[in-house]
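**Student:** Got a structure for you, written out below as structure tokens; questions coming shortly.
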Amino acid sequence: MSPSEKSFSAPVVYGLPLLAAAYAVEYIPLIAYKLAKDGGLFALRDKKAITDRVITLAIPQSYILAAAKENEQSSTPSDEGQLPSLQVQQRTSTLHLSFWDYHLAYLEKRTTPSAVAQKVVELLDQHERYNWMRSFDRKAILNQAEESTQRYQQGKPKSQLDGVFIPVKEEMDVAGLETKGGTGFINDGNPAKKNCHLVQRLQDAGAIIVGHTVMDELGWDTFSVNPSTGMPCNPYETNSSCGGSSGGCGGVVAANLFPISIGCDGGGSVRIPSAFCGLYGLKTTTGRVSSAATGSIDSTVAVNGPLAATADDMTLAYAIMSGPDPNDPQTTLQPRVSLKDYGLTQTLDGLTIGIMPRWNNRTHEPAMLHQLDVFAKHFESLGATLVEIDIPDLELAKTAHLITICAESYNFVSQYPSQHTSFSPYTRLMSAVTRYLNGSDYSRSQQVRSRIMDQLKHIFEDKKVDLILTPATGMQTPVIPKKAHKYGLSNATWTTTTMEFTTLANFSGIPAVSIPSGFHNGKPLGIQLMAKWYNEALLCRMAKVCESTPGIERKRPAVWTNPLA
């Protein structure tokens, strides 16, 4: 059995017993050490043959050099010029409101951003019990809307996102709001003085930044069962999870309250909520979107990206929020943001899509494999070629990602030694277990990162594979026991199953997209496509292609709103 298959095998604990377990692992080292060992955190210690170079920047040097050459030859820097836009003829009809609905309603003077803002504030109050939003400033929302209204009245909207309402995950600085990262105490009474870079880019495009959504505490799980905030309820089945850690981001978009939200993805935290909530979710390439003033909890694996109602919403938000930021040096290495061939959806001639059956079969839900086959046949009908691939050290990479994200999260938690009991029981349990990681564990994990990046380069460049197709998650959204809401939940099997297909992209730095793929037992399903570094344009195009896949339906959830009604 591989290390990944054994990762974090531990009893399911929730409610008051979880609090007791947290104290036990904090004060009885033998228990914490055994949990760490049984969970696979020490699995690389006996891998003496790992001699690859240590690397923490998940971008191959050849891609950095190519980007530098491209930017040098370009007459227009990648962060200057006209804001990105989409063509209206590309618009796809959908149940959910998209940015098109808002933008066209304003242009045609059927309503104004100010009028919609009043409705949005009312809906936020009416739906507070669903725990999607952590914080928002009514006055700030209304003020932004008034400014947008004036621009439309003057016939000068800043972009197609002008007047579109967008919330962001609670680890991104929004001026005037406390960036708590899902905790009950960090930055308490210390609101951000200015927006982080990506929020400012959206606001500069006219978007109305609503506030912060609910998340797992510090992003350290995949179900957003957060005792400090309450669990975000899935609009399709309210006793089920929205996913995580960007759970609130998924809930507000699925319920049609907003067409776009911005999450952060360190192990699937944009794609998992997208799959659980029937949405589009883009995990961007490492260094494509600025991470400055966004928490830096698990800095070498986490990136920011949009969750969206439609492919158009996801694509436009991505294009606007991406680009260089002097305060995040790795973003200055990227090539120009492109939406090349986005409208080319009638043919996939020349594209090669890789599948790895033994990996895809690891899903716990057979319906996912059926839907995967539906999409594969659709891609073939449009001219794509499907080939089998192999990623030799896939399981090793999943183990190394686990060690990396846990070590980096523990490093963040360790900044608050006098306040450790203020963290949730789950965070305390995880911290007590991961404190036994050492420098060798982390360094060896980065050697594995180097190896897996080389293996993916071989697939994309030597084998000429353009995309890798998998399920988005290893299971559907589960029902969360009511007793878990007060103190939290620890279910290692659920967590590792949910992350089965997502962590490779985080660890290697490649971009990935989660795409709605229908329903099973009334709950959404999702597929995932991964591409080579910086090729978000192809993933956005494929998301658009998938909107017309025969037999794949979108459904209105049980909890539904309409800010334009």
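Labels used: A, B, ... for chains in the order of the structure tokens, numbers from 1 for residues in each chain, and numbers from 1 for ligands as shown.
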Could you pull out all residues of segment 385-475 of chain A with a DSSP call of helix (DSSP H, G or I) and give them as a PyMOL selection string?

**Tutor:** chain A and resi 394-413+417-422+425-434+439-462

**Student:** Using only C-alpha atoms, which protein or nucleic acid residues come within 9 Å of segment 374-386 of chain A? Drop anything in the same chain fewer than 2 positions from it, and give the result as JSON, numbers by chain.

**Tutor:** {"A": [345, 346, 347, 348, 349, 350, 351, 352, 353, 354, 355, 369, 370, 371, 372, 388, 469, 517, 527, 545, 546, 549, 550, 551, 552]}

**Student:** Only C-alpha atoms, please: the residues just picked out, written as a tab-separated table (two decimals), in the first residue's frame.

**Tutor:**
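Just written: out13.tsv:
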```tsv
chain	number	residue	atom	x	y	z
A	345	THR	CA	-15.32	25.70	-29.02
A	346	GLN	CA	-16.55	23.82	-32.10
A	347	THR	CA	-13.36	21.85	-32.62
A	348	LEU	CA	-10.60	20.34	-30.51
A	349	ASP	CA	-8.53	19.19	-33.48
A	350	GLY	CA	-4.88	18.81	-32.59
A	351	LEU	CA	-5.41	18.50	-28.83
A	352	THR	CA	-4.18	15.45	-26.93
A	353	ILE	CA	-5.80	14.61	-23.60
A	354	GLY	CA	-4.11	12.25	-21.18
A	355	ILE	CA	-5.98	9.91	-18.86
A	369	LEU	CA	-16.39	7.66	-13.85
A	370	HIS	CA	-19.54	7.52	-15.96
A	371	GLN	CA	-19.61	11.30	-16.27
A	372	LEU	CA	-15.90	11.34	-17.02
A	388	GLU	CA	-3.18	6.81	-21.56
A	469	LEU	CA	-8.43	14.54	-17.35
A	517	SER	CA	-20.39	17.41	-14.71
A	527	ILE	CA	-14.45	16.79	-13.54
A	545	VAL	CA	-16.41	23.71	-24.49
A	546	CYS	CA	-17.82	21.70	-21.59
A	549	THR	CA	-21.52	18.72	-23.49
A	550	PRO	CA	-24.64	16.65	-24.36
A	551	GLY	CA	-26.54	15.23	-21.39
A	552	ILE	CA	-24.83	17.35	-18.73
```

**Student:** Rank nothing, just name the residue among A:Asp38, A:Asp52, A:Glu147, A:Asp341 nearest to Gln203 of chain A, using only C-alpha atoms.

**Tutor:**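 With only C-alpha atoms as the atom set, the closest residue is A:Glu147.
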
**Student:** List as a tab-separated table every residue of segment 218-311 of chain A that is in contact with segment 483-489 of chain A, defined as an atom at most 7 Å from one of its atoms (using only C-alpha atoms), together with the nearest atom pair and the distance in Å rounded to one decimal, sorted by chain and then rising number.

**Tutor:**
```
residue	atom	partner	partner_atom	distance
A:Val225	CA	A:Gly488	CA	5.7
A:Asn226	CA	A:Gly488	CA	6.1
A:Pro227	CA	A:Lys486	CA	5.1
A:Gly230	CA	A:His485	CA	6.6
A:Met231	CA	A:His485	CA	6.7
```

**Student:** Using C-alpha atoms, can you export the residues from the last selection as a PDB file, in the first residue's frame?

**Tutor:**
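Output contents, as saved in part_13.pdb:
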```pdb
ATOM      1  CA  VAL A 225     -16.763  22.923   9.417  1.00  0.00           C
ATOM      2  CA  ASN A 226     -15.692  25.966  11.409  1.00  0.00           C
ATOM      3  CA  PRO A 227     -16.878  26.385  15.030  1.00  0.00           C
ATOM      4  CA  GLY A 230     -20.692  28.093  11.550  1.00  0.00           C
ATOM      5  CA  MET A 231     -20.532  25.710   8.588  1.00  0.00           C
TER       6      MET A 231
END
```

**Student:** Taking only C-alpha atoms into account, name the residue in A:Leu19, A:Ala558, A:Leu333, A:Leu218 that is nearest to Ile186 of chain A.

**Tutor:**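 Checking each candidate against Ile186 of chain A, we get A:Leu218 as the closest.
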
**Student:** Counting only C-alpha atoms, which residue out of A:Ile141, A:Leu316, A:Cys196, A:Ala22 sits closest to Phe99 of chain A?

**Tutor:**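 Closest to Phe99 of chain A of all the choices is A:Leu316.
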
**Student:** Using only C-alpha atoms for the distances, tell me which of A:Gly176, A:Gly15, A:Gly509, A:Gly287 is nearest to Asp328 of chain A.

**Tutor:** A:Gly287
